[in-house]
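model.cif follows; it contains mmCIF, C-alpha atoms and all ligand atoms.
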```cif
data_structure
#
loop_
_atom_site.label_atom_id
_atom_site.label_comp_id
_atom_site.auth_asym_id
_atom_site.auth_seq_id
_atom_site.Cartn_x
_atom_site.Cartn_y
_atom_site.Cartn_z
CA MET A 1 -271.85 91.04 58.86
CA ASN A 2 -274.80 91.69 61.10
CA SER A 3 -274.61 90.15 64.53
CA LYS A 4 -277.92 88.31 64.20
CA ILE A 5 -276.56 86.18 61.31
CA LYS A 6 -273.29 85.64 63.17
CA ASP A 7 -275.14 84.17 66.13
CA HIS A 8 -276.62 81.46 63.97
CA ARG A 9 -273.43 80.39 62.28
CA SER A 10 -271.71 77.20 63.29
CA LYS A 11 -268.34 78.01 64.85
CA ILE A 12 -265.66 75.71 63.49
CA ILE A 13 -262.00 75.10 64.28
CA LEU A 14 -260.17 73.31 61.48
CA VAL A 15 -256.90 71.72 62.62
CA VAL A 16 -253.82 71.16 60.47
CA GLY A 17 -250.47 69.91 61.68
CA ALA A 18 -248.49 68.07 59.06
CA ARG A 19 -248.10 68.28 55.30
CA PRO A 20 -250.71 65.61 54.43
CA ASN A 21 -253.36 67.50 56.44
CA ILE A 22 -253.18 70.63 54.33
CA MET A 23 -254.65 69.25 51.08
CA LYS A 24 -257.49 67.68 53.11
CA ALA A 25 -258.29 70.86 55.05
CA ALA A 26 -258.15 73.25 52.07
CA PRO A 27 -261.36 72.14 50.29
CA ILE A 28 -263.26 72.13 53.60
CA TYR A 29 -262.09 75.67 54.35
CA ALA A 30 -263.04 76.83 50.84
CA GLU A 31 -266.51 75.28 51.10
CA MET A 32 -267.08 76.91 54.50
CA MET A 33 -266.03 80.28 53.10
CA ARG A 34 -268.51 79.78 50.25
CA ARG A 35 -271.16 79.09 52.91
CA ALA A 36 -270.06 81.93 55.19
CA ASP A 37 -273.64 82.54 56.24
CA GLU A 38 -273.62 79.07 57.81
CA PHE A 39 -270.05 78.66 59.06
CA ALA A 40 -267.48 80.80 60.89
CA VAL A 41 -264.22 78.91 60.46
CA LYS A 42 -260.81 79.40 62.07
CA ILE A 43 -257.64 77.50 61.21
CA VAL A 44 -255.29 76.18 63.89
CA HIS A 45 -251.83 75.00 62.77
CA THR A 46 -250.09 72.92 65.42
CA GLY A 47 -246.63 73.45 63.86
CA GLN A 48 -245.90 69.70 63.73
CA HIS A 49 -244.41 70.44 60.31
CA TYR A 50 -242.63 73.77 60.15
CA ASP A 51 -240.17 73.80 57.22
CA THR A 52 -241.29 76.10 54.41
CA SER A 53 -241.25 73.18 51.98
CA MET A 54 -243.35 71.00 54.32
CA SER A 55 -245.96 73.58 55.26
CA ASP A 56 -245.97 77.19 53.97
CA ALA A 57 -245.57 76.12 50.33
CA PHE A 58 -248.75 74.01 50.69
CA PHE A 59 -250.71 76.84 52.30
CA ASP A 60 -249.74 79.09 49.38
CA ASP A 61 -250.46 76.54 46.65
CA LEU A 62 -253.84 75.58 48.10
CA GLY A 63 -254.99 79.13 48.81
CA LEU A 64 -255.23 78.81 52.58
CA PRO A 65 -254.80 82.01 54.61
CA GLU A 66 -252.39 82.39 57.52
CA PRO A 67 -253.65 80.23 60.39
CA ASP A 68 -255.65 82.10 63.06
CA HIS A 69 -253.58 80.31 65.70
CA HIS A 70 -250.12 78.78 65.27
CA LEU A 71 -249.05 76.52 68.13
CA GLY A 72 -245.39 76.30 67.01
CA VAL A 73 -244.92 72.84 68.48
CA GLY A 74 -242.20 71.48 66.17
CA SER A 75 -240.43 68.10 66.24
CA ALA A 76 -239.96 65.91 69.32
CA SER A 77 -240.59 62.32 70.35
CA HIS A 78 -244.16 61.22 69.60
CA THR A 79 -245.14 61.46 73.26
CA VAL A 80 -243.63 64.90 73.78
CA GLN A 81 -245.01 66.20 70.48
CA THR A 82 -248.52 64.88 71.25
CA ALA A 83 -248.43 66.28 74.80
CA LYS A 84 -247.17 69.71 73.65
CA ILE A 85 -249.96 69.93 71.07
CA MET A 86 -252.55 69.09 73.75
CA LEU A 87 -251.17 71.70 76.16
CA ALA A 88 -251.16 74.42 73.50
CA PHE A 89 -254.53 73.50 71.94
CA GLU A 90 -256.63 73.33 75.12
CA PRO A 91 -256.62 77.10 75.89
CA ILE A 92 -257.60 77.85 72.29
CA VAL A 93 -260.63 75.59 72.44
CA ILE A 94 -261.61 77.14 75.78
CA GLU A 95 -261.21 80.66 74.34
CA GLU A 96 -262.93 80.01 71.01
CA ARG A 97 -265.76 77.72 72.26
CA PRO A 98 -266.35 76.14 68.83
CA ASP A 99 -269.44 74.12 67.92
CA TRP A 100 -267.23 71.66 66.08
CA VAL A 101 -263.51 70.93 65.84
CA ILE A 102 -262.54 69.20 62.61
CA VAL A 103 -259.46 67.00 62.56
CA VAL A 104 -258.21 65.29 59.40
CA GLY A 105 -256.01 62.29 58.65
CA ASP A 106 -253.92 60.30 61.09
CA VAL A 107 -250.96 62.34 62.27
CA ASN A 108 -250.04 63.11 65.88
CA SER A 109 -251.83 66.48 65.65
CA THR A 110 -255.07 64.67 64.69
CA ALA A 111 -255.15 62.44 67.77
CA ALA A 112 -253.84 65.13 70.16
CA CYS A 113 -256.51 67.69 69.22
CA ALA A 114 -259.31 65.10 69.21
CA LEU A 115 -258.33 64.08 72.73
CA VAL A 116 -258.43 67.69 73.96
CA CYS A 117 -261.96 68.07 72.56
CA ALA A 118 -263.15 64.82 74.14
CA LYS A 119 -261.84 66.00 77.55
CA LEU A 120 -263.53 69.40 77.17
CA GLY A 121 -266.81 67.98 75.88
CA VAL A 122 -266.46 69.81 72.55
CA LYS A 123 -267.76 67.98 69.48
CA VAL A 124 -265.08 66.67 67.15
CA ALA A 125 -265.45 65.43 63.58
CA HIS A 126 -262.81 63.15 62.07
CA VAL A 127 -262.28 63.41 58.33
CA GLU A 128 -260.73 60.23 56.84
CA ALA A 129 -262.12 58.08 59.65
CA GLY A 130 -262.13 54.31 59.70
CA LEU A 131 -258.95 53.47 57.79
CA ARG A 132 -257.05 50.54 59.31
CA SER A 133 -253.81 48.88 58.28
CA GLY A 134 -254.06 46.31 61.07
CA ASP A 135 -250.45 47.19 61.94
CA ARG A 136 -250.18 48.70 65.41
CA THR A 137 -246.44 49.32 65.05
CA MET A 138 -247.40 52.20 62.74
CA PRO A 139 -247.76 55.44 64.74
CA GLU A 140 -250.59 56.49 62.42
CA GLU A 141 -252.60 53.34 63.21
CA ILE A 142 -252.61 54.26 66.90
CA ASN A 143 -253.67 57.81 66.00
CA ARG A 144 -256.53 56.45 63.85
CA ILE A 145 -257.83 54.11 66.55
CA VAL A 146 -257.63 56.76 69.29
CA THR A 147 -259.25 59.47 67.18
CA ASP A 148 -262.08 57.29 65.89
CA SER A 149 -262.91 55.92 69.32
CA ILE A 150 -263.56 59.43 70.73
CA ALA A 151 -264.85 61.40 67.73
CA ASP A 152 -268.53 62.42 67.64
CA LEU A 153 -268.77 62.27 63.85
CA LEU A 154 -266.78 59.89 61.66
CA LEU A 155 -266.52 60.97 58.04
CA THR A 156 -265.25 58.10 55.91
CA PRO A 157 -263.53 58.08 52.49
CA SER A 158 -264.61 54.58 51.43
CA GLU A 159 -267.14 51.97 52.50
CA ASP A 160 -264.50 49.58 53.87
CA ALA A 161 -263.84 52.26 56.50
CA ASP A 162 -267.52 52.19 57.56
CA GLU A 163 -267.23 48.43 58.02
CA ASN A 164 -264.08 48.78 60.14
CA LEU A 165 -265.81 51.28 62.42
CA LYS A 166 -268.93 49.19 62.85
CA ARG A 167 -266.77 46.16 63.68
CA GLU A 168 -265.17 48.25 66.45
CA GLY A 169 -268.59 48.97 67.91
CA ILE A 170 -269.02 52.58 66.72
CA PRO A 171 -272.75 53.32 66.37
CA ALA A 172 -273.87 53.62 62.74
CA GLU A 173 -275.48 57.05 63.37
CA LYS A 174 -272.05 58.58 64.05
CA ILE A 175 -270.66 57.36 60.70
CA ARG A 176 -271.11 59.15 57.34
CA PHE A 177 -269.61 57.95 54.08
CA VAL A 178 -268.65 61.25 52.42
CA GLY A 179 -265.86 60.24 50.02
CA ASN A 180 -262.24 61.31 49.73
CA VAL A 181 -261.66 65.01 50.36
CA MET A 182 -258.07 64.89 49.13
CA ILE A 183 -259.45 64.14 45.68
CA ASP A 184 -261.34 67.48 45.87
CA SER A 185 -257.95 69.21 46.06
CA LEU A 186 -256.55 67.04 43.30
CA LEU A 187 -259.38 67.74 40.85
CA GLN A 188 -259.47 71.46 41.68
CA ASN A 189 -255.75 71.84 41.05
CA LEU A 190 -254.99 69.53 38.13
CA LYS A 191 -255.42 72.30 35.52
CA ARG A 192 -253.53 74.84 37.64
CA SER A 193 -250.63 72.41 37.99
CA GLU A 194 -250.07 72.59 34.23
CA PHE A 195 -248.44 75.98 34.80
CA SER A 196 -245.67 74.32 36.79
CA ASN A 197 -242.37 73.94 34.91
CA ILE A 198 -241.06 71.22 37.16
CA ARG A 199 -240.81 68.56 34.42
CA GLU A 200 -238.91 70.92 32.12
CA ASP A 201 -236.70 72.12 34.98
CA ILE A 202 -235.64 68.54 35.71
CA GLY A 203 -235.44 67.72 31.98
CA LEU A 204 -238.08 64.96 31.88
CA GLN A 205 -240.10 63.42 29.08
CA ASP A 206 -243.74 62.59 29.69
CA ARG A 207 -244.12 59.09 31.26
CA ASP A 208 -240.42 58.35 30.81
CA TYR A 209 -239.66 58.56 34.49
CA ALA A 210 -240.78 57.21 37.83
CA VAL A 211 -241.50 59.17 41.03
CA LEU A 212 -240.51 57.96 44.48
CA THR A 213 -241.41 59.08 48.01
CA LEU A 214 -240.13 57.33 51.11
CA HIS A 215 -240.37 58.58 54.67
CA ARG A 216 -241.97 55.96 56.97
CA PRO A 217 -239.85 55.37 60.06
CA SER A 218 -240.08 51.60 59.42
CA ASN A 219 -238.46 52.07 56.00
CA VAL A 220 -235.92 54.81 56.61
CA ASP A 221 -234.83 54.85 60.25
CA ALA A 222 -232.70 51.66 60.25
CA ARG A 223 -229.65 51.22 58.03
CA GLU A 224 -230.47 47.50 57.48
CA THR A 225 -233.74 48.50 55.79
CA LEU A 226 -232.86 51.75 54.04
CA GLU A 227 -229.53 50.71 52.50
CA PRO A 228 -230.82 47.69 50.49
CA LEU A 229 -233.86 49.70 49.41
CA ILE A 230 -231.66 52.52 48.13
CA ASP A 231 -229.47 50.00 46.29
CA ALA A 232 -232.56 48.51 44.61
CA LEU A 233 -233.79 51.97 43.66
CA ILE A 234 -230.40 52.83 42.14
CA GLU A 235 -230.75 49.65 40.01
CA ILE A 236 -234.28 50.63 39.01
CA GLY A 237 -232.87 54.06 38.08
CA GLU A 238 -230.72 52.34 35.44
CA GLN A 239 -233.94 51.42 33.56
CA MET A 240 -235.71 54.74 33.97
CA PRO A 241 -234.87 57.93 35.93
CA VAL A 242 -236.40 57.86 39.42
CA ILE A 243 -237.20 61.33 40.75
CA PHE A 244 -237.15 61.39 44.54
CA PRO A 245 -238.30 64.50 46.46
CA VAL A 246 -236.78 63.73 49.85
CA HIS A 247 -238.60 64.18 53.18
CA PRO A 248 -236.35 65.83 55.85
CA ARG A 249 -236.43 62.65 57.98
CA THR A 250 -235.15 60.56 55.06
CA ARG A 251 -232.57 63.16 54.03
CA ALA A 252 -231.10 63.07 57.54
CA LYS A 253 -230.89 59.25 57.47
CA ILE A 254 -229.25 59.14 54.01
CA THR A 255 -226.59 61.51 55.31
CA GLU A 256 -226.18 59.65 58.63
CA PHE A 257 -225.69 56.30 56.85
CA GLY A 258 -223.28 57.80 54.27
CA LEU A 259 -225.42 56.74 51.27
CA GLU A 260 -225.03 59.96 49.28
CA SER A 261 -221.88 58.99 47.40
CA ARG A 262 -223.45 55.90 45.81
CA ILE A 263 -226.61 57.83 44.88
CA ASP A 264 -224.69 60.72 43.25
CA GLY A 265 -224.52 60.31 39.49
CA SER A 266 -227.06 57.42 39.47
CA GLY A 267 -230.55 57.38 37.94
CA LEU A 268 -232.01 57.88 41.43
CA ARG A 269 -232.28 61.66 41.48
CA LEU A 270 -232.75 63.33 44.84
CA ILE A 271 -234.51 66.68 44.88
CA GLU A 272 -235.92 68.90 47.64
CA PRO A 273 -239.54 68.33 48.78
CA LEU A 274 -241.89 70.04 46.31
CA GLY A 275 -244.94 72.23 46.80
CA TYR A 276 -248.39 70.80 46.05
CA LEU A 277 -248.68 72.03 42.45
CA ASP A 278 -245.14 71.10 41.41
CA PHE A 279 -245.52 67.66 42.95
CA LEU A 280 -248.88 67.11 41.26
CA ARG A 281 -247.34 68.13 37.94
CA LEU A 282 -244.46 65.74 38.55
CA TYR A 283 -246.37 62.56 39.47
CA SER A 284 -249.23 63.15 37.05
CA GLY A 285 -246.71 62.77 34.20
CA ALA A 286 -244.90 59.77 35.61
CA GLY A 287 -244.86 56.26 34.13
CA PHE A 288 -245.37 54.92 37.62
CA VAL A 289 -244.95 55.87 41.28
CA MET A 290 -243.24 54.08 44.16
CA THR A 291 -244.18 55.22 47.64
CA ASP A 292 -244.76 54.47 51.29
CA SER A 293 -247.12 57.42 51.68
CA GLY A 294 -250.84 56.97 52.30
CA GLY A 295 -252.14 59.85 50.21
CA LEU A 296 -250.17 59.08 47.09
CA GLN A 297 -251.75 55.60 46.88
CA GLU A 298 -255.08 57.42 46.54
CA GLU A 299 -253.92 60.22 44.24
CA THR A 300 -252.41 57.75 41.75
CA THR A 301 -255.63 55.70 41.81
CA ALA A 302 -257.63 58.85 41.06
CA LEU A 303 -255.36 59.61 38.06
CA GLY A 304 -254.96 56.01 36.82
CA ILE A 305 -251.18 55.98 37.36
CA PRO A 306 -249.65 52.66 38.46
CA CYS A 307 -248.44 52.75 42.06
CA LEU A 308 -246.13 50.34 43.89
CA THR A 309 -246.51 50.69 47.64
CA ILE A 310 -243.32 49.90 49.53
CA ARG A 311 -245.04 48.59 52.65
CA GLU A 312 -246.32 45.26 53.92
CA ASN A 313 -249.90 46.50 54.30
CA THR A 314 -252.20 49.36 53.45
CA GLU A 315 -255.01 51.10 55.31
CA ARG A 316 -256.38 52.02 51.88
CA PRO A 317 -257.35 48.61 50.40
CA ILE A 318 -259.77 50.20 47.95
CA THR A 319 -256.77 51.50 45.97
CA VAL A 320 -255.74 47.87 45.44
CA GLU A 321 -259.23 46.42 44.89
CA MET A 322 -260.43 49.11 42.49
CA GLY A 323 -257.45 51.29 41.69
CA THR A 324 -253.90 51.12 40.42
CA ASN A 325 -252.10 50.24 43.63
CA GLN A 326 -250.00 47.13 44.35
CA VAL A 327 -248.64 46.55 47.84
CA VAL A 328 -245.22 45.08 47.01
CA GLY A 329 -243.66 45.03 50.48
CA THR A 330 -240.22 46.24 51.54
CA GLU A 331 -238.20 43.33 50.19
CA PRO A 332 -235.95 44.87 47.47
CA GLU A 333 -236.20 41.85 45.14
CA ARG A 334 -240.00 42.03 45.10
CA LEU A 335 -239.87 45.73 44.35
CA LYS A 336 -237.48 45.18 41.44
CA GLN A 337 -239.66 42.37 40.04
CA ALA A 338 -242.77 44.53 40.24
CA VAL A 339 -240.98 47.36 38.41
CA LEU A 340 -239.79 44.96 35.69
CA LYS A 341 -243.37 43.78 35.19
CA LEU A 342 -244.60 47.36 34.90
CA ILE A 343 -241.88 48.40 32.48
CA SER A 344 -242.47 45.33 30.29
CA GLY A 345 -246.18 46.17 30.17
CA SER A 346 -247.39 43.02 31.93
CA GLY A 347 -248.42 44.94 35.06
CA ASP A 348 -251.09 46.86 33.18
CA SER A 349 -253.58 48.81 35.34
CA SER A 350 -255.90 49.96 32.54
CA GLY A 351 -258.90 48.18 34.13
CA ALA A 352 -258.66 50.34 37.25
CA LYS A 353 -261.66 52.40 38.36
CA ILE A 354 -262.21 55.50 40.47
CA PRO A 355 -263.75 54.56 43.85
CA PRO A 356 -267.27 55.82 44.70
CA LEU A 357 -267.55 59.43 45.89
CA TRP A 358 -264.00 60.34 44.92
CA ASP A 359 -265.72 62.96 42.83
CA GLY A 360 -264.47 66.35 44.04
CA LYS A 361 -267.60 67.03 46.11
CA THR A 362 -266.59 65.57 49.44
CA ALA A 363 -266.12 68.95 51.18
CA GLU A 364 -269.77 69.78 50.40
CA ARG A 365 -270.89 66.51 51.98
CA ILE A 366 -268.67 67.14 55.03
CA CYS A 367 -270.27 70.56 55.56
CA ASP A 368 -273.75 69.06 55.13
CA ALA A 369 -272.95 66.40 57.75
CA LEU A 370 -272.07 68.96 60.43
CA TYR A 371 -275.63 69.79 61.39
C1 LIG B 401 -245.66 62.81 59.80
C2 LIG B 401 -246.83 61.86 60.04
C3 LIG B 401 -246.98 60.91 58.86
C4 LIG B 401 -247.06 61.65 57.56
C5 LIG B 401 -245.84 62.56 57.42
C6 LIG B 401 -245.88 63.33 56.12
C7 LIG B 401 -247.17 61.30 62.43
C8 LIG B 401 -247.07 60.21 63.43
N1 LIG B 401 -246.61 61.04 61.22
O1 LIG B 401 -244.49 62.02 59.81
O2 LIG B 401 -248.16 60.17 59.02
O3 LIG B 401 -247.10 60.74 56.48
O4 LIG B 401 -245.85 63.45 58.54
O5 LIG B 401 -244.79 64.13 55.93
O6 LIG B 401 -247.72 62.32 62.73
N2 LIG B 401 -238.89 67.45 60.08
C9 LIG B 401 -238.31 68.57 59.56
N3 LIG B 401 -239.12 69.60 59.17
C10 LIG B 401 -240.45 69.56 59.31
C11 LIG B 401 -241.03 68.41 59.86
C12 LIG B 401 -240.25 67.36 60.24
O7 LIG B 401 -237.10 68.65 59.42
O8 LIG B 401 -241.13 70.53 58.91
C13 LIG B 401 -238.04 66.30 60.47
C14 LIG B 401 -237.60 66.34 61.90
O9 LIG B 401 -236.31 65.84 61.99
C15 LIG B 401 -238.56 65.41 62.59
C16 LIG B 401 -238.81 64.38 61.51
O10 LIG B 401 -238.77 65.12 60.27
O11 LIG B 401 -238.03 64.87 63.75
C17 LIG B 401 -240.13 63.69 61.62
O12 LIG B 401 -241.21 64.62 61.69
P1 LIG B 401 -242.60 64.25 62.41
O13 LIG B 401 -243.54 65.35 62.34
O14 LIG B 401 -242.31 63.66 63.76
O15 LIG B 401 -243.16 63.02 61.57
P2 LIG B 401 -243.06 62.71 60.03
O16 LIG B 401 -242.05 61.64 59.82
O17 LIG B 401 -242.94 63.94 59.21
#
```

Starting from the file, lay out its structure as structure tokens.
Amino acid sequence: MNSKIKDHRSKIILVVGARPNIMKAAPIYAEMMRRADEFAVKIVHTGQHYDTSMSDAFFDDLGLPEPDHHLGVGSASHTVQTAKIMLAFEPIVIEERPDWVIVVGDVNSTAACALVCAKLGVKVAHVEAGLRSGDRTMPEEINRIVTDSIADLLLTPSEDADENLKREGIPAEKIRFVGNVMIDSLLQNLKRSEFSNIREDIGLQDRDYAVLTLHRPSNVDARETLEPLIDALIEIGEQMPVIFPVHPRTRAKITEFGLESRIDGSGLRLIEPLGYLDFLRLYSGAGFVMTDSGGLQEETTALGIPCLTIRENTERPITVEMGTNQVVGTEPERLKQAVLKLISGSGDSSGAKIPPLWDGKTAERICDALY
């Protein structure tokens, strides 16, 4: 590349830290590579997630190269993890002198890296800005508020997010409604996921099973909450197999509370966390999904698959208003009732729609917004 062109390119650092960042960063990276005459992009991985199944498998599935910088931060308390990310990220920003740092989502890595940029006076763009659950006991809610209050450009997935930001006093010129970038990954990979044999490997019939994910500290860290939920899920498993790829945090708690023996042999089937393509293949064939994840509420809406969210609130209300999502809370009885309704056909979500700009072109709009 001749040096004259290089001088004019926008220098970008794209940050990933945890599993749900990777499917949001991948389409942005791909779009910047397509527009390599405009952008010179480097990937920084903080190392917040480090297990192969939580990180490397996603890089491989989504075609991301090795990160240019790996901070190797690992697990710790939220404060220590956030502080370690900041300490390791600052020298990289000073060395690379980017025009923009892009942070995605709401994990500790998102807030930590945004804060470093704000202190150094480097412009930061937040992808998935403006989501609010209204629940400040959620670590992600604090990360969202902190990141949005200091970001220079707020790229929102839905118009309710624009409204939240304006209500918090963020000037309208900093806000761009670009759509949901995770749906870019979903649409790009749906066909590819058909090569996965995960359904056959587990021995599943199309739609004759449910998929579960559960990892929020508020659901899994205390025995009083996790145990009754697991009991309800075992009961639900008597109606229909429930396939449960288990997050490492949840796996550790199930072991600590001695819940394995009652799960063994039940319809609640624990499996290891899956890569992006296998997981997409799995939930896209499910009768319904139960989850406390943020992203899966959106992915099921995009595919028209009923979703029961095991939380008291959601920062993604559009998935309820337009999509297939129902926020059923963490009370086991309510969850069981909602499942019964779905299985009997009275919880039909056939009227659901795809929200505006969840069209697979969000990465293009993000790149356009960076001028
Ligand atoms: C983080 C995000 C959450 C996101 C989730 C997706 C924050 C505050 N939370 O939560 O929003 O939905 O990722 O997975 O950033 N662990 C491993 N291997 C790993 C990573 C974690 O074993 O690769 C275990 C460790 O015991 C660790 C625990 O999981 O202490 C929690 O990890 P952490 O990164 O603190 O948060 P998550 O619960 O994964």

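Compared by their closest atoms to Glu235 (chain A), and using only C-alpha atoms, the residues A:Lys361, A:Lys336, A:Arg216, A:Arg281 rank with A:Lys336 nearest.
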
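Residue nearest Ala302 (chain A) within the list A:Leu190, A:Met290, A:Met138, A:Ala210: A:Leu190 [criterion: smallest interatomic distance, only C-alpha atoms].
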
Study note, to complete from the structure: The residue from A:Thr46, A:Ser261, A:Ser293, A:Asn197 with the smallest atom-to-atom distance to ligand LIG 401 (chain B), counting all atoms listed in the file, is A:Ser293

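Using all atoms listed in the file, the smallest distance between any of A:Leu342, A:Leu303, A:Leu308, A:Leu229 and Val328 (chain A) comes from A:Leu308.
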
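When all atoms listed in the file are used to measure the gap to ligand LIG 401 (chain B), the shortest distance among A:Arg334, A:Arg251, A:Arg167, A:Arg365 belongs to A:Arg251.
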